[in-house]
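This report refers to the structure that appears directly beneath it.
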Amino acid sequence: VETREVFLHPLEARALLARVWRTEISIVSRIWNRRQGEESPNGYMIFFMQTLPIPASRFRPPAMLNGMAFDHPKNTVISKILGLDNDLRAIFAENGTTKERKSDSDESGSDSGDSDAEDEILREKLESENMEKALGVWVEMQEQVNAFLDATKSRTAPPDFKGVRQGLEKKQGLFRQNMMGKRVNYAA
């Protein structure tokens, strides 16, 4: 039996989950429902993150070494995520201008059928190239988000990098080191 990995684009995954959620709402609401008896038609959105929570910069201080300041490792990951997000926005904006050009040429009503067909082929080629670029950027951004949240889930994170999960777990984590055994007044 040969198994092959298939990449599923996040928009495809969301569309599939939305369809499952619509058709099997009673079952999925029982499994993943937060409130008893409530059937939420958009409950599948709990599996997708639209906004990445970023800790305040006071929790990411620069490191000093030989009198030189270096960025905190999380700052570099956050910078990469922001850069990739800007790249993705630019690709989608470029794709939007291609579609606008198409609608403008449709409204002009030119008589040359051959040039319209050539323009259409060129536009489709540009859109497919843009989609390939967008998918590559999307995968890289997902990898960086994985590194930020949980360094063990990332293939590109340095071995000594600590994600959010690593900062919370075990004895050296935020809760056990700073909050356990303290009076309630000081825990907040």
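Ordered as shown in the structure tokens, chains take letters A, B, and onward, while each chain numbers its residues from 1 and ligands are numbered from 1 in the order shown.
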
> If we count only C-alpha atoms, what is near Glu24 of chain A at a cut-off of 12 Å, once residues fewer than 4 positions away on the same chain are taken out, given as a PyMOL selection string?
Replying inline: chain A and resi 16-20+28-31+39-41+43-44

> Within 12 Å of Phe7 of chain A, counting only C-alpha atoms, which residues qualify if same-chain residues fewer than 3 places away don't, as a VMD selection string?
Replying inline: chain A and resid 4 10 to 13 135 to 136 138 to 139

Take the residues from that selection and put them in a file with all heavy atoms, as a JSON list (two decimals), in the first residue's frame.
[["chain", "number", "residue", "atom", "x", "y", "z"],
["A", 4, "ARG", "N", 0.60, 8.68, -0.17],
["A", 4, "ARG", "CA", 1.19, 9.89, -0.74],
["A", 4, "ARG", "C", 0.59, 11.09, -0.02],
["A", 4, "ARG", "O", -0.63, 11.18, 0.14],
["A", 4, "ARG", "CB", 0.88, 9.95, -2.23],
["A", 4, "ARG", "CG", 1.69, 10.95, -2.98],
["A", 4, "ARG", "CD", 1.37, 10.88, -4.42],
["A", 4, "ARG", "NE", 0.03, 11.46, -4.58],
["A", 4, "ARG", "CZ", -0.45, 11.93, -5.72],
["A", 4, "ARG", "NH1", 0.28, 11.84, -6.80],
["A", 4, "ARG", "NH2", -1.64, 12.45, -5.79],
["A", 10, "PRO", "N", -5.40, 25.98, 2.85],
["A", 10, "PRO", "CA", -6.28, 26.35, 3.97],
["A", 10, "PRO", "C", -7.69, 26.73, 3.53],
["A", 10, "PRO", "O", -8.65, 26.41, 4.23],
["A", 10, "PRO", "CB", -5.58, 27.54, 4.61],
["A", 10, "PRO", "CG", -4.16, 27.41, 4.21],
["A", 10, "PRO", "CD", -4.14, 26.73, 2.88],
["A", 11, "LEU", "N", -7.83, 27.38, 2.38],
["A", 11, "LEU", "CA", -9.18, 27.72, 1.92],
["A", 11, "LEU", "C", -9.97, 26.48, 1.53],
["A", 11, "LEU", "O", -11.17, 26.41, 1.76],
["A", 11, "LEU", "CB", -9.09, 28.70, 0.73],
["A", 11, "LEU", "CG", -8.50, 30.07, 1.05],
["A", 11, "LEU", "CD1", -8.39, 30.91, -0.20],
["A", 11, "LEU", "CD2", -9.33, 30.78, 2.11],
["A", 12, "GLU", "N", -9.28, 25.49, 0.97],
["A", 12, "GLU", "CA", -9.95, 24.22, 0.64],
["A", 12, "GLU", "C", -10.36, 23.50, 1.92],
["A", 12, "GLU", "O", -11.47, 22.97, 2.00],
["A", 12, "GLU", "CB", -9.02, 23.32, -0.17],
["A", 12, "GLU", "CG", -8.74, 23.81, -1.57],
["A", 12, "GLU", "CD", -7.70, 22.96, -2.25],
["A", 12, "GLU", "OE1", -6.62, 22.72, -1.67],
["A", 12, "GLU", "OE2", -7.98, 22.53, -3.39],
["A", 13, "ALA", "N", -9.47, 23.47, 2.90],
["A", 13, "ALA", "CA", -9.78, 22.81, 4.17],
["A", 13, "ALA", "C", -10.97, 23.49, 4.84],
["A", 13, "ALA", "O", -11.87, 22.82, 5.36],
["A", 13, "ALA", "CB", -8.56, 22.85, 5.09],
["A", 135, "LEU", "N", 0.61, 30.17, -2.61],
["A", 135, "LEU", "CA", 0.67, 28.92, -1.87],
["A", 135, "LEU", "C", 2.02, 28.73, -1.19],
["A", 135, "LEU", "O", 2.11, 28.30, -0.04],
["A", 135, "LEU", "CB", 0.38, 27.73, -2.78],
["A", 135, "LEU", "CG", -1.07, 27.55, -3.20],
["A", 135, "LEU", "CD1", -1.19, 26.43, -4.22],
["A", 135, "LEU", "CD2", -1.95, 27.29, -2.01],
["A", 136, "GLY", "N", 3.10, 29.06, -1.90],
["A", 136, "GLY", "CA", 4.44, 28.96, -1.32],
["A", 136, "GLY", "C", 4.60, 29.87, -0.12],
["A", 136, "GLY", "O", 5.13, 29.47, 0.92],
["A", 138, "TRP", "N", 2.15, 31.07, 1.69],
["A", 138, "TRP", "CA", 1.23, 30.61, 2.72],
["A", 138, "TRP", "C", 1.84, 29.47, 3.53],
["A", 138, "TRP", "O", 1.76, 29.44, 4.76],
["A", 138, "TRP", "CB", -0.06, 30.11, 2.08],
["A", 138, "TRP", "CG", -1.29, 30.41, 2.87],
["A", 138, "TRP", "CD1", -1.46, 30.29, 4.21],
["A", 138, "TRP", "CD2", -2.53, 30.89, 2.36],
["A", 138, "TRP", "NE1", -2.73, 30.65, 4.57],
["A", 138, "TRP", "CE2", -3.41, 31.01, 3.45],
["A", 138, "TRP", "CE3", -3.00, 31.19, 1.10],
["A", 138, "TRP", "CZ2", -4.72, 31.43, 3.32],
["A", 138, "TRP", "CZ3", -4.31, 31.60, 0.97],
["A", 138, "TRP", "CH2", -5.15, 31.74, 2.06],
["A", 139, "VAL", "N", 2.48, 28.53, 2.85],
["A", 139, "VAL", "CA", 3.12, 27.40, 3.54],
["A", 139, "VAL", "C", 4.27, 27.89, 4.42],
["A", 139, "VAL", "O", 4.40, 27.46, 5.58],
["A", 139, "VAL", "CB", 3.62, 26.35, 2.52],
["A", 139, "VAL", "CG1", 4.52, 25.32, 3.18],
["A", 139, "VAL", "CG2", 2.45, 25.67, 1.84]]

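The two atoms in question, atom CA of Leu88 of chain A and atom CA of Ala134 of chain A, are spaced 6.0 Å apart.
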
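Atom to atom, atom CA of Gln166 of chain A and atom CA of Gln142 of chain A stand 18.2 Å apart.
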
>> At a cut-off of 12 Å, using only C-alpha atoms, what residues contact Asp160 of chain A? Leave out same-chain residues fewer than 6 positions from it and give the result as a PyMOL selection string.
In response: chain A and resi 73-74+147+151-152+166

Just the selected residues (N, CA, C and O atoms), exported as a CSV table (one decimal), in the first residue's frame, please.
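To be explicit, this is the file written out as part_3.csv:
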chain,number,residue,atom,x,y,z
A,73,PRO,N,14.8,36.1,19.8
A,73,PRO,CA,14.5,35.2,18.8
A,73,PRO,C,13.1,35.3,18.3
A,73,PRO,O,12.8,35.1,17.1
A,74,LYS,N,12.2,35.5,19.2
A,74,LYS,CA,10.7,35.6,18.8
A,74,LYS,C,10.5,36.8,17.9
A,74,LYS,O,9.6,36.8,17.1
A,147,ALA,N,6.4,27.6,14.3
A,147,ALA,CA,7.6,27.9,15.1
A,147,ALA,C,7.3,28.8,16.3
A,147,ALA,O,7.8,28.6,17.4
A,151,ALA,N,7.6,25.3,19.0
A,151,ALA,CA,8.9,25.1,18.2
A,151,ALA,C,9.0,23.6,17.9
A,151,ALA,O,9.7,23.3,16.9
A,152,THR,N,8.4,22.7,18.6
A,152,THR,CA,8.6,21.3,18.2
A,152,THR,C,7.8,20.9,17.0
A,152,THR,O,8.1,19.9,16.3
A,166,GLN,N,6.5,26.2,24.7
A,166,GLN,CA,7.7,25.9,25.5
A,166,GLN,C,7.9,26.9,26.7
A,166,GLN,O,8.4,26.5,27.7

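Residues in contact range of Ile91 of chain A, defined as at most 12 Å between only C-alpha atoms, with sequence neighbours fewer than 6 positions away removed, read Leu84, Asp85, Thr97, Thr98, Leu126, Glu127, Ser128, Glu129, Asn130, Met131, Glu132, Lys133, Ala134, Leu135, Gly136, Val137 and Trp138 of chain A.
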
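As for atom CA of Leu65 of chain A and atom CA of Pro158 of chain A, they are spaced 18.9 Å apart.
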
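Shortest separation to Met45 of chain A among A:Glu5, A:Ser154, A:Ala15, A:Met68 occurs at residue A:Ala15, atoms counted being only C-alpha atoms.
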